[in-house]
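Containing compact mmCIF, C-alpha atoms: target-v2.txt.
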```txt
# COMPACT_ATOMS: atom_id res chain seq x y z
CA MET A 278 0.00 0.00 0.00
CA ASP A 279 1.45 3.41 -0.95
CA LYS A 280 1.71 6.32 1.52
CA SER A 281 -1.36 8.07 0.15
CA SER A 282 -3.49 4.96 0.57
CA ILE A 283 -2.16 4.39 4.11
CA SER A 284 -3.06 7.94 5.08
CA VAL A 285 -6.58 7.62 3.65
CA ARG A 286 -7.13 4.31 5.42
CA ILE A 287 -6.00 5.74 8.80
CA GLU A 288 -8.52 8.56 8.47
CA GLU A 289 -11.27 6.08 7.55
CA ILE A 290 -10.64 4.11 10.73
CA ARG A 291 -10.52 7.27 12.83
CA LYS A 292 -13.90 8.25 11.43
CA LYS A 293 -15.27 4.76 12.08
CA TYR A 294 -14.35 4.81 15.78
CA GLY A 295 -15.20 8.47 16.31
CA SER A 296 -15.08 9.51 19.97
CA ASP A 297 -14.11 5.98 21.00
CA LEU A 298 -10.56 6.53 19.68
CA VAL A 299 -7.97 9.13 20.61
CA ILE A 300 -4.48 9.24 19.11
CA LEU A 301 -1.72 10.94 21.09
CA GLY A 302 1.66 11.93 19.69
CA HIS A 303 4.91 13.33 21.01
CA HIS A 304 6.48 16.37 19.37
CA TYR A 305 9.38 14.21 18.19
CA GLN A 306 7.16 12.15 15.91
CA ALA A 307 7.50 12.62 12.14
CA ASP A 308 5.01 14.88 10.33
CA GLU A 309 3.37 11.91 8.60
CA VAL A 310 2.29 10.63 12.04
CA VAL A 311 1.51 13.99 13.64
CA GLU A 312 -1.04 14.77 10.92
CA HIS A 313 -3.21 11.93 12.28
CA VAL A 314 -2.82 12.83 15.96
CA ASP A 315 -5.63 14.29 18.08
CA ILE A 316 -3.37 15.58 20.84
CA VAL A 317 0.30 16.44 20.34
CA GLY A 318 2.54 17.50 23.20
CA ASP A 319 5.58 16.93 25.35
CA SER A 320 5.70 14.33 28.13
CA LEU A 321 4.09 16.60 30.73
CA GLU A 322 1.25 17.80 28.50
CA LEU A 323 0.40 14.29 27.35
CA ALA A 324 0.44 12.94 30.93
CA ARG A 325 -1.87 15.74 32.01
CA ARG A 326 -4.34 14.99 29.23
CA ILE A 327 -4.75 11.25 29.90
CA PRO A 328 -7.20 11.54 32.85
CA GLU A 329 -9.62 13.69 30.82
CA ILE A 330 -9.80 11.27 27.87
CA GLU A 331 -13.01 9.22 27.76
CA ALA A 332 -12.34 7.15 24.64
CA ARG A 333 -12.00 3.41 25.16
CA ASN A 334 -9.03 3.20 22.79
CA ILE A 335 -5.93 5.37 23.22
CA VAL A 336 -3.17 4.98 20.67
CA PHE A 337 0.12 6.50 21.81
CA CYS A 338 2.60 7.54 19.12
CA GLY A 339 5.84 7.81 21.01
CA VAL A 340 8.18 5.49 22.88
CA TYR A 341 7.48 2.73 25.36
CA PHE A 342 7.92 4.58 28.66
CA MET A 343 5.36 7.16 27.51
CA ALA A 344 2.79 4.50 26.66
CA GLU A 345 3.44 2.83 30.03
CA SER A 346 2.67 6.09 31.83
CA ALA A 347 -0.47 6.56 29.75
CA SER A 348 -1.60 3.03 30.60
CA LEU A 349 -0.97 3.72 34.28
CA LEU A 350 -3.06 6.91 34.23
CA ALA A 351 -5.85 5.52 32.03
CA ARG A 352 -9.28 4.72 33.43
CA PRO A 353 -10.54 1.18 34.05
CA GLY A 354 -11.71 -0.29 30.76
CA GLN A 355 -9.52 1.94 28.62
CA ARG A 356 -6.81 0.38 26.48
CA VAL A 357 -3.53 2.04 25.54
CA PHE A 358 -1.83 0.89 22.34
CA LEU A 359 1.72 1.49 21.12
CA PRO A 360 2.22 0.87 17.39
CA ASP A 361 5.73 -0.54 17.88
CA HIS A 362 6.69 -2.03 21.25
CA SER A 363 10.37 -1.97 20.29
CA ALA A 364 10.27 1.85 20.31
CA ASP A 365 12.31 2.21 23.47
CA CYS A 366 14.47 4.98 24.94
CA ALA A 367 18.26 4.74 25.24
CA MET A 368 18.26 6.93 28.34
CA ALA A 369 15.55 4.88 30.05
CA ARG A 370 17.62 1.73 29.49
CA MET A 371 20.50 3.29 31.44
CA ALA A 372 18.65 2.93 34.74
CA LYS A 373 17.52 -0.57 35.75
CA ALA A 374 14.98 -0.87 38.55
CA GLU A 375 17.06 -3.39 40.51
CA ASP A 376 20.12 -1.09 40.42
CA VAL A 377 18.10 1.95 41.48
CA GLU A 378 16.61 -0.01 44.37
CA LYS A 379 20.03 -1.21 45.59
CA VAL A 380 21.40 2.33 45.51
CA LEU A 381 18.41 3.71 47.42
CA GLU A 382 18.72 0.95 50.02
CA LYS A 383 22.39 1.81 50.52
CA LEU A 384 21.52 5.47 50.88
CA ALA A 385 18.75 4.70 53.37
CA ALA A 386 21.17 2.60 55.44
CA SER A 387 23.52 5.59 55.71
CA GLY A 388 21.02 7.42 57.89
CA ARG A 389 20.32 10.28 55.51
CA LYS A 390 16.95 10.70 53.86
CA VAL A 391 17.69 10.77 50.14
CA VAL A 392 14.63 11.41 47.97
CA PRO A 393 14.65 9.96 44.44
CA LEU A 394 13.48 12.11 41.54
CA ALA A 395 13.10 10.25 38.27
CA TYR A 396 12.98 11.94 34.90
CA VAL A 397 9.93 10.71 33.01
CA ASN A 398 12.36 9.04 30.57
CA SER A 399 12.52 5.95 32.78
CA SER A 400 10.77 2.59 32.91
CA LEU A 401 7.61 1.99 34.87
CA ALA A 402 9.58 -0.38 37.11
CA VAL A 403 11.97 2.45 38.00
CA LYS A 404 9.05 4.79 38.65
CA ALA A 405 7.62 2.15 41.00
CA VAL A 406 10.89 1.96 42.96
CA VAL A 407 10.97 5.75 43.16
CA GLY A 408 7.38 5.79 44.36
CA ARG A 409 8.09 3.26 47.11
CA PHE A 410 10.95 5.41 48.39
CA GLY A 411 8.74 8.51 48.60
CA GLY A 412 10.00 10.11 45.42
CA ALA A 413 8.40 11.54 42.31
CA VAL A 414 8.70 11.91 38.56
CA CYS A 415 9.57 15.06 36.65
CA THR A 416 9.73 16.23 33.05
CA SER A 417 12.01 18.79 31.46
CA SER A 418 9.12 21.27 31.77
CA ASN A 419 8.87 20.99 35.53
CA ALA A 420 12.28 19.70 36.63
CA LYS A 421 13.03 22.90 38.57
CA VAL A 422 9.73 22.79 40.47
CA MET A 423 10.06 19.10 41.25
CA LEU A 424 13.72 19.33 42.29
CA GLU A 425 12.76 22.10 44.72
CA TRP A 426 9.99 19.84 46.02
CA ALA A 427 12.38 16.89 46.42
CA PHE A 428 14.93 18.94 48.38
CA LYS A 429 12.19 19.89 50.86
CA GLN A 430 11.35 16.22 51.47
CA GLY A 431 14.76 15.11 52.77
CA ASP A 432 18.47 15.69 53.20
CA ALA A 433 19.51 15.08 49.59
CA VAL A 434 18.15 14.07 46.19
CA LEU A 435 19.03 11.22 43.85
CA PHE A 436 18.28 12.48 40.33
CA LEU A 437 17.99 9.86 37.61
CA PRO A 438 18.67 8.86 34.94
CA ASP A 439 19.74 12.07 33.16
CA ARG A 440 22.83 13.65 34.73
CA ASN A 441 22.64 16.59 32.30
CA LEU A 442 19.10 17.60 33.16
CA GLY A 443 20.03 17.17 36.82
CA ARG A 444 23.07 19.42 36.62
CA ASN A 445 21.38 22.04 34.45
CA THR A 446 18.40 22.21 36.80
CA ALA A 447 20.61 22.35 39.89
CA LYS A 448 22.40 25.36 38.43
CA GLN A 449 19.05 27.12 38.07
CA LEU A 450 18.51 26.53 41.78
CA GLY A 451 21.98 27.73 42.74
CA ILE A 452 23.21 24.34 43.98
CA ALA A 453 27.01 24.56 44.12
CA ALA A 454 28.92 22.16 41.88
CA GLU A 455 30.84 20.76 44.85
CA LEU A 456 27.54 19.62 46.36
CA GLN A 457 26.75 17.54 43.27
CA VAL A 458 28.21 14.08 42.77
CA GLU A 459 27.78 11.67 39.90
CA ILE A 460 27.56 8.12 41.24
CA ASP A 461 27.91 4.84 39.38
CA ALA A 462 24.93 2.59 38.67
CA ALA A 463 26.17 0.00 41.17
CA GLY A 464 26.37 2.55 43.96
CA MET A 465 30.07 1.84 44.61
CA LYS A 466 30.92 5.52 45.05
CA LEU A 467 28.42 6.23 47.82
CA ASP A 468 30.88 5.71 50.69
CA THR A 469 33.15 8.61 49.75
CA GLU A 470 33.17 11.78 51.83
CA GLU A 471 32.17 13.72 48.72
CA ALA A 472 29.05 11.60 48.27
CA ARG A 473 28.15 11.76 51.96
CA ASN A 474 28.21 15.58 51.82
CA ALA A 475 26.44 15.93 48.49
CA ARG A 476 23.00 17.45 48.24
CA LEU A 477 22.48 16.12 44.75
CA LEU A 478 23.47 12.62 43.61
CA LEU A 479 23.35 12.13 39.86
CA TRP A 480 22.74 8.87 38.02
CA PRO A 481 25.24 8.31 35.15
CA GLY A 482 22.69 8.45 32.33
CA CYS A 483 22.08 10.74 29.39
CA CYS A 484 20.26 11.16 26.09
CA PRO A 485 22.80 10.13 23.42
CA ILE A 486 21.12 12.41 20.87
CA HIS A 487 21.41 15.56 22.96
CA GLU A 488 24.74 14.79 24.62
CA GLN A 489 26.76 13.21 21.83
CA LEU A 490 25.43 15.04 18.78
CA MET A 491 25.27 18.58 20.17
CA LYS A 492 28.65 20.06 21.03
CA PRO A 493 29.84 23.43 22.38
CA GLU A 494 31.79 24.15 19.20
CA MET A 495 28.53 23.99 17.23
CA VAL A 496 27.10 26.77 19.37
CA THR A 497 30.26 28.81 18.97
CA GLU A 498 30.14 28.39 15.18
CA PHE A 499 26.52 29.50 14.99
CA HIS A 500 27.18 32.63 17.05
CA LYS A 501 30.17 33.35 14.82
CA HIS A 502 28.21 33.09 11.56
CA PHE A 503 25.00 34.72 12.85
CA PRO A 504 26.04 37.55 15.21
CA GLY A 505 23.28 38.56 17.59
CA CYS A 506 21.14 35.50 16.91
CA ARG A 507 20.16 33.09 19.64
CA VAL A 508 20.83 29.42 20.23
CA LEU A 509 18.19 27.60 22.28
CA VAL A 510 18.63 23.98 23.37
CA HIS A 511 16.94 21.24 25.33
CA PRO A 512 18.31 20.78 28.89
CA GLU A 513 19.23 17.17 28.09
CA CYS A 514 22.27 18.75 26.40
CA SER A 515 25.47 18.84 28.42
CA PRO A 516 26.05 21.77 30.81
CA GLU A 517 28.99 22.77 28.61
CA VAL A 518 26.51 23.36 25.77
CA VAL A 519 23.74 24.89 27.87
CA ASP A 520 26.12 27.33 29.57
CA ILE A 521 27.11 29.03 26.30
CA CYS A 522 23.62 29.06 24.80
CA ASP A 523 21.11 31.88 24.98
CA GLY A 524 18.47 29.73 26.63
CA SER A 525 17.39 26.17 27.34
CA GLY A 526 14.10 24.51 28.08
CA SER A 527 11.64 21.75 27.30
CA THR A 528 10.13 21.08 23.90
CA ALA A 529 7.17 23.24 24.92
CA PHE A 530 9.58 26.09 25.75
CA LEU A 531 11.40 25.74 22.42
CA ILE A 532 8.11 25.77 20.49
CA LYS A 533 6.91 28.90 22.30
CA GLU A 534 10.21 30.70 21.77
CA ALA A 535 10.15 29.90 18.05
CA GLU A 536 6.61 31.27 17.79
CA LYS A 537 7.52 34.45 19.69
CA ALA A 538 10.60 35.02 17.55
CA ALA A 539 8.64 34.50 14.35
CA ASN A 540 5.86 36.86 15.43
CA ALA A 541 8.27 39.55 16.62
CA GLY A 542 10.18 39.53 13.35
CA LEU A 543 13.29 40.97 14.99
CA GLU A 544 15.67 38.04 14.51
CA PRO A 545 17.01 36.96 11.12
CA ALA A 546 17.79 33.48 12.45
CA LEU A 547 17.20 31.22 15.43
CA CYS A 548 19.12 28.02 16.16
CA ILE A 549 17.35 25.21 18.03
CA GLY A 550 19.09 22.20 19.48
CA THR A 551 16.81 19.22 19.98
CA GLU A 552 15.38 16.26 18.05
CA PHE A 553 15.24 17.11 14.35
CA HIS A 554 11.59 16.20 13.59
CA LEU A 555 10.44 18.98 15.90
CA VAL A 556 12.97 21.48 14.57
CA HIS A 557 12.04 20.67 10.97
CA ARG A 558 8.36 21.21 11.78
CA LEU A 559 9.15 24.63 13.24
CA MET A 560 11.34 25.48 10.23
CA GLU A 561 8.44 24.81 7.87
CA ARG A 562 5.82 26.47 10.06
CA TYR A 563 7.67 29.79 10.24
CA ALA A 564 9.63 29.66 6.96
CA ASP A 565 8.15 32.94 5.75
CA ARG A 566 9.05 34.84 8.93
CA ILE A 567 12.30 33.55 10.39
CA ASN A 568 15.21 31.30 9.46
CA ILE A 569 15.18 28.47 11.99
CA ILE A 570 18.34 26.36 11.90
CA PRO A 571 18.93 23.00 13.62
CA LEU A 572 22.00 22.84 15.83
CA ALA A 573 22.47 19.24 14.64
CA GLN A 574 20.69 16.77 12.37
CA ALA A 575 19.76 14.68 15.41
CA THR A 576 16.91 12.21 15.04
CA CYS A 577 15.60 9.72 17.58
CA HIS A 578 15.57 6.36 15.83
CA ASP A 579 13.25 4.88 18.44
CA MET A 580 10.68 7.61 17.79
CA GLU A 581 10.97 6.86 14.08
CA LYS A 582 9.88 3.26 14.65
CA VAL A 583 6.32 4.52 14.95
CA ASP A 584 5.39 5.52 11.40
CA GLU A 585 2.22 5.65 9.33
CA ALA A 586 2.42 1.97 8.45
CA SER A 587 2.74 0.80 12.07
CA LEU A 588 0.01 3.22 13.13
CA LEU A 589 -2.33 1.79 10.50
CA ALA A 590 -1.49 -1.79 11.48
CA THR A 591 -2.40 -0.99 15.09
CA LEU A 592 -5.65 0.74 14.16
CA GLU A 593 -6.72 -2.20 12.02
CA LYS A 594 -6.28 -4.58 14.95
CA LEU A 595 -7.87 -2.53 17.74
CA GLU A 596 -10.64 -5.04 18.32
CA SER A 597 -8.17 -7.90 18.78
CA GLY A 598 -6.25 -5.93 21.40
CA GLU A 599 -2.93 -6.49 19.63
CA GLY A 600 -0.44 -3.84 20.65
CA VAL A 601 -1.96 -3.09 24.06
CA VAL A 602 0.54 -1.91 26.67
CA THR A 603 0.01 -3.69 29.96
CA VAL A 604 1.27 -2.75 33.41
CA ASP A 605 2.34 -5.21 36.11
CA GLU A 606 -0.26 -5.04 38.89
CA GLU A 607 2.42 -4.98 41.59
CA LEU A 608 3.98 -1.89 40.05
CA LYS A 609 0.80 0.11 39.52
CA ALA A 610 0.31 1.70 42.92
CA PRO A 611 3.88 2.89 43.65
CA ALA A 612 4.47 3.97 40.04
CA ARG A 613 1.21 5.89 40.04
CA ASP A 614 2.22 7.53 43.34
CA SER A 615 5.41 8.87 41.75
CA LEU A 616 3.49 10.25 38.76
CA MET A 617 0.68 11.73 40.84
CA ARG A 618 3.16 13.56 43.11
CA MET A 619 4.37 15.32 39.98
CA LEU A 620 0.90 16.11 38.65
CA GLU A 621 -0.31 17.35 42.05
CA ASN A 622 2.67 19.67 42.45
CA CYS A 623 2.50 20.99 38.88
CA ARG A 624 -1.16 21.74 38.38
```

Please lay out the structure from this file as structure tokens.
Amino acid sequence: MDKSSISVRIEEIRKKYGSDLVILGHHYQADEVVEHVDIVGDSLELARRIPEIEARNIVFCGVYFMAESASLLARPGQRVFLPDHSADCAMARMAKAEDVEKVLEKLAASGRKVVPLAYVNSSLAVKAVVGRFGGAVCTSSNAKVMLEWAFKQGDAVLFLPDRNLGRNTAKQLGIAAELQVEIDAAGMKLDTEEARNARLLLWPGCCPIHEQLMKPEMVTEFHKHFPGCRVLVHPECSPEVVDICDGSGSTAFLIKEAEKAANAGLEPALCIGTEFHLVHRLMERYADRINIIPLAQATCHDMEKVDEASLLATLEKLESGEGVVTVDEELKAPARDSLMRMLENCR
């Protein structure tokens, strides 16, 4: 079936199910998928929208941890589908639930109350561990708010799995670098004096796209060739990149800044450093008003696994339940606790 036929067939199925089907999509999805999505957003926006959805069938176009969270927040009787269950997240794989639990147990045995704060880019099993230890989830949109919350709950915070988002957020809060320590996933470095005095313990994870493909020299080159123009990046980039940029923030922040720059008409160019599908969409949307340039041609290959063909295949098998994302019953309550602490503190 050619692309045109696939697109037509998807719309036919959407019309058939009507209000009994809602398709969600992350900003990093390709345009061919986004055009079929009912609600598009970042991780925080999509999590917020789940409880208000009444449709029996929810199809999530994103990666696995997002669909897990949607399944956790869905109502009884609702089904959450993911078109490709192999659409994972490299960062989420860097933190295993059993390792996180061992580290938190070691920290608890030390006598200090260390509160875990998990970036939403983590497995449901990790979120469950975090929930059991009194912690919460955060997104790049609310990391500052949730890190402030976590500090108020105990003596220190374990931020996982993204060390870059942790460090960049800590700088916003004025947490001195000497009070931040990156640990190892086995927790072998927890007995050092440095770790015992740290206010912020950082898991050794990152987003390969934002850390490895976006370098400080790229920012320097842009500023050199476009004097006076801004570079805005996602806070999953390294602190070395963020520190020499003109701003950093979540996908929602980057979208709003692009819109403001385009409407103001005062900047000849704007450089954005995040996943390329989003940047390309902004480039096309505002092509007549501002020159938006990607910092790097960085695409998330896991996000790309969900395409029009896999979306159609899922829609055609809704009745059979193929593609449903299930959640382990034992994990539901503590994982939901960690998510709800975020939603309650970020209304």

Within 10 Å of A:Ser418 using all atoms listed in the file, minus same-chain residues under 3 positions, as an mmCIF file with C-alpha atoms, in the frame of the given file:
```cif
data_model
loop_
_atom_site.group_PDB
_atom_site.id
_atom_site.type_symbol
_atom_site.label_atom_id
_atom_site.label_comp_id
_atom_site.auth_asym_id
_atom_site.auth_seq_id
_atom_site.Cartn_x
_atom_site.Cartn_y
_atom_site.Cartn_z
ATOM 1 C CA ASP A 319 5.580 16.930 25.350
ATOM 2 C CA SER A 320 5.700 14.330 28.130
ATOM 3 C CA LEU A 321 4.090 16.600 30.730
ATOM 4 C CA GLU A 322 1.250 17.800 28.500
ATOM 5 C CA CYS A 415 9.570 15.060 36.650
ATOM 6 C CA LYS A 421 13.030 22.900 38.570
ATOM 7 C CA VAL A 422 9.730 22.790 40.470
ATOM 8 C CA MET A 423 10.060 19.100 41.250
ATOM 9 C CA PRO A 512 18.310 20.780 28.890
ATOM 10 C CA GLY A 526 14.100 24.510 28.080
ATOM 11 C CA SER A 527 11.640 21.750 27.300
ATOM 12 C CA THR A 528 10.130 21.080 23.900
ATOM 13 C CA ALA A 529 7.170 23.240 24.920
ATOM 14 C CA PHE A 530 9.580 26.090 25.750
ATOM 15 C CA CYS A 623 2.500 20.990 38.880
#
```

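Minimum distance to A:Met495 across A:Ala573, A:Ala324, A:Leu450, A:Val317 (counting only C-alpha atoms) occurs at A:Ala573.
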
Kindly assemble as a tab-separated table a list of the stretch 475-559 of chain A residues that lie within 10 Å of stretch 463-471 of chain A, each paired with its nearest atom pair and their distance in Å to one decimal, using only C-alpha atoms, sorted first by chain and then by ascending residue number.
```
residue	atom	partner	partner_atom	distance
A:Ala475	CA	A:Glu471	CA	6.1
A:Arg476	CA	A:Glu471	CA	9.9
A:Leu478	CA	A:Leu467	CA	9.1
A:Trp480	CA	A:Gly464	CA	9.4
```

With only C-alpha atoms as the counted atoms, please give the residues lying no more than 6 Å from stretch 587-600 of chain A, apart from itself and same-chain residues fewer than 3 positions off, as a CSV table (one decimal) with C-alpha atoms, keeping the file's coordinate frame.
```csv
chain,number,residue,atom,x,y,z
A,287,ILE,CA,-6.0,5.7,8.8
A,358,PHE,CA,-1.8,0.9,22.3
A,359,LEU,CA,1.7,1.5,21.1
A,360,PRO,CA,2.2,0.9,17.4
A,583,VAL,CA,6.3,4.5,15.0
A,584,ASP,CA,5.4,5.5,11.4
```

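Note that the spacing between atom CA of A:Asp439 and atom CA of A:Asn419 amounts to 14.3 Å.
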